[in-house]
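J.: Quick one: the structure is below, and I'll ask about it shortly.
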Amino acid sequence: MALSPAEAFGIIFDLEFTAWEDSWPRDWIRPGEFRELVQIGAVKVDRAFAPLSEFQRMVRPRLNSVLSDYLQTLTGITNDDVRTHGVDFVDAYRDFAAFANGLPVFSFGRDDLIFADNIRLYGLKGLPVLPFRDLRPWLAAQGIDIARRGFHACDVAPAAGVPFEGRKHNGLADARSVAAGVAALMARGAPRPA
């Protein structure tokens with residue numbers, strides 16, 4: 001039975017963005033390296049963090065329009081995917097904000113900063129600010145070792161005892177992983193993230 005939108009509690013989202021070999025430890029400091037959005041994946045959840053609906057958008061980077069081999073291998077997102085299915089950042093962001101519809105948005109980490117980086121990078125104004133929450137402190141309080149090297153959103157479900165489904169480092173599959181992990185922890189008595 002489908003739940004009504006009134007029963008929605010929040011949005012779990014994950015982003016994929018341009019990257020190169022070792023750009024993460026370098027913090028994207030090389031000339032021309034920008035964290036431009038490539039994919040938004042999100043799951044609308046109820047109060048038990050069970051999925052209600054999903055959202056996914058491919059985004060065409062404006063400055064680094066050709067994805068690195070590293071990013072394509074990591075995410076499975078190809079240049080053809082972005083050319084064929086990608087939309088401009090502004091359209092993707094507005095679509096995501098409409099999907100969130102004022103609900104709190106949760107992610108594993110500070111993916112909100114990627115949105116902010118893109119808004120600043122492109123010199124945009126007037127886009128809505130979403131009510132963002134980082135789930136890492138909550139997960140750590142539930143005993144999940146988020147500080148372990150190489151721990152990502154795709155690792156949340158397995159760390160909570162739930163199998164990961166899909167391709168790792170895919171925005172939608174990773175958002176599903178976080179939602180499933182939180183739901184599993186809540187089913188075992190963890191408080192609802194606030």
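Quick note on naming: the chains in the structure tokens go A, B, ... in the order shown, residues restart at 1 in each chain, and ligands are numbered from 1 in order of appearance.
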Write out as a list in words each polymer residue whose atoms come within 12 Å of Arg133 (chain A), counting only C-alpha atoms; drop sequence neighbours fewer than 3 positions from it.

T.: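 Answer for this query is Gly10, Ile11, Ile12, Phe13, Leu103, Pro104, Val105, Phe106, Ser107, Phe108, Gly109, Arg110, Asp111, Asp112, Leu113, Leu130, Arg136, Pro137, Trp138, Pro193 and Ala194 of chain A.
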
J.: List every residue of region 55-102 of chain A that DSSP, applied to the backbone of this structure, places in alpha helix (DSSP H), and write the result as an MDAnalysis selection string.

T.: chainID A and resid 69:75 79:85 89:100

J.: Could you give me the residues within region 36-74 of chain A that DSSP places in strand (DSSP E or B), as a CSV table (one decimal) with N, CA and C atoms, in the first residue's frame?

T.:
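Produced file out.csv, reproduced below:
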```csv
chain,number,residue,atom,x,y,z
A,37,LEU,N,28.8,18.9,-9.9
A,37,LEU,CA,27.8,17.9,-9.8
A,37,LEU,C,27.6,17.1,-11.1
A,38,VAL,N,27.5,15.8,-10.9
A,38,VAL,CA,27.3,14.9,-12.0
A,38,VAL,C,26.0,14.1,-11.8
A,39,GLN,N,25.6,13.8,-10.6
A,39,GLN,CA,24.4,13.0,-10.3
A,39,GLN,C,23.9,13.3,-8.9
A,40,ILE,N,22.5,13.4,-8.8
A,40,ILE,CA,21.8,13.5,-7.6
A,40,ILE,C,21.0,12.2,-7.5
A,41,GLY,N,21.1,11.5,-6.4
A,41,GLY,CA,20.2,10.4,-6.1
A,41,GLY,C,19.6,10.6,-4.7
A,42,ALA,N,18.3,10.4,-4.6
A,42,ALA,CA,17.6,10.6,-3.4
A,42,ALA,C,16.4,9.7,-3.1
A,43,VAL,N,16.1,9.4,-1.9
A,43,VAL,CA,15.0,8.6,-1.5
A,43,VAL,C,14.2,9.4,-0.5
A,44,LYS,N,12.9,9.5,-0.8
A,44,LYS,CA,11.9,10.1,0.2
A,44,LYS,C,11.5,9.0,1.2
A,45,VAL,N,11.6,9.2,2.5
A,45,VAL,CA,11.4,8.2,3.5
A,45,VAL,C,10.3,8.6,4.4
A,51,PRO,N,11.4,3.6,2.4
A,51,PRO,CA,11.3,4.4,1.1
A,51,PRO,C,9.9,4.6,0.7
A,52,LEU,N,9.6,5.8,0.2
A,52,LEU,CA,8.3,6.1,-0.3
A,52,LEU,C,8.4,6.4,-1.8
A,53,SER,N,9.5,7.1,-2.2
A,53,SER,CA,9.7,7.4,-3.6
A,53,SER,C,11.1,7.7,-3.8
A,54,GLU,N,11.5,7.8,-5.1
A,54,GLU,CA,12.9,8.0,-5.4
A,54,GLU,C,13.1,9.1,-6.5
A,55,PHE,N,14.3,9.7,-6.5
A,55,PHE,CA,14.6,10.8,-7.4
A,55,PHE,C,16.0,10.6,-7.9
A,56,GLN,N,16.2,10.8,-9.2
A,56,GLN,CA,17.6,10.7,-9.7
A,56,GLN,C,17.7,11.7,-10.9
A,57,ARG,N,18.8,12.4,-10.9
A,57,ARG,CA,19.1,13.3,-12.1
A,57,ARG,C,20.6,13.2,-12.4
A,58,MET,N,20.9,13.1,-13.7
A,58,MET,CA,22.2,13.3,-14.2
A,58,MET,C,22.4,14.8,-14.4
A,59,VAL,N,23.6,15.3,-14.2
A,59,VAL,CA,23.9,16.7,-14.3
A,59,VAL,C,25.1,16.9,-15.3
```

J.: Hey, which of A:Phe99, A:Tyr93, A:Trp28, A:Trp20 ends up closest to Val66 (chain A)? Count only C-alpha atoms.

T.: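 Checking each of A:Phe99, A:Tyr93, A:Trp28, A:Trp20 against Val66 (chain A), counting only C-alpha atoms, the winner is A:Trp20.
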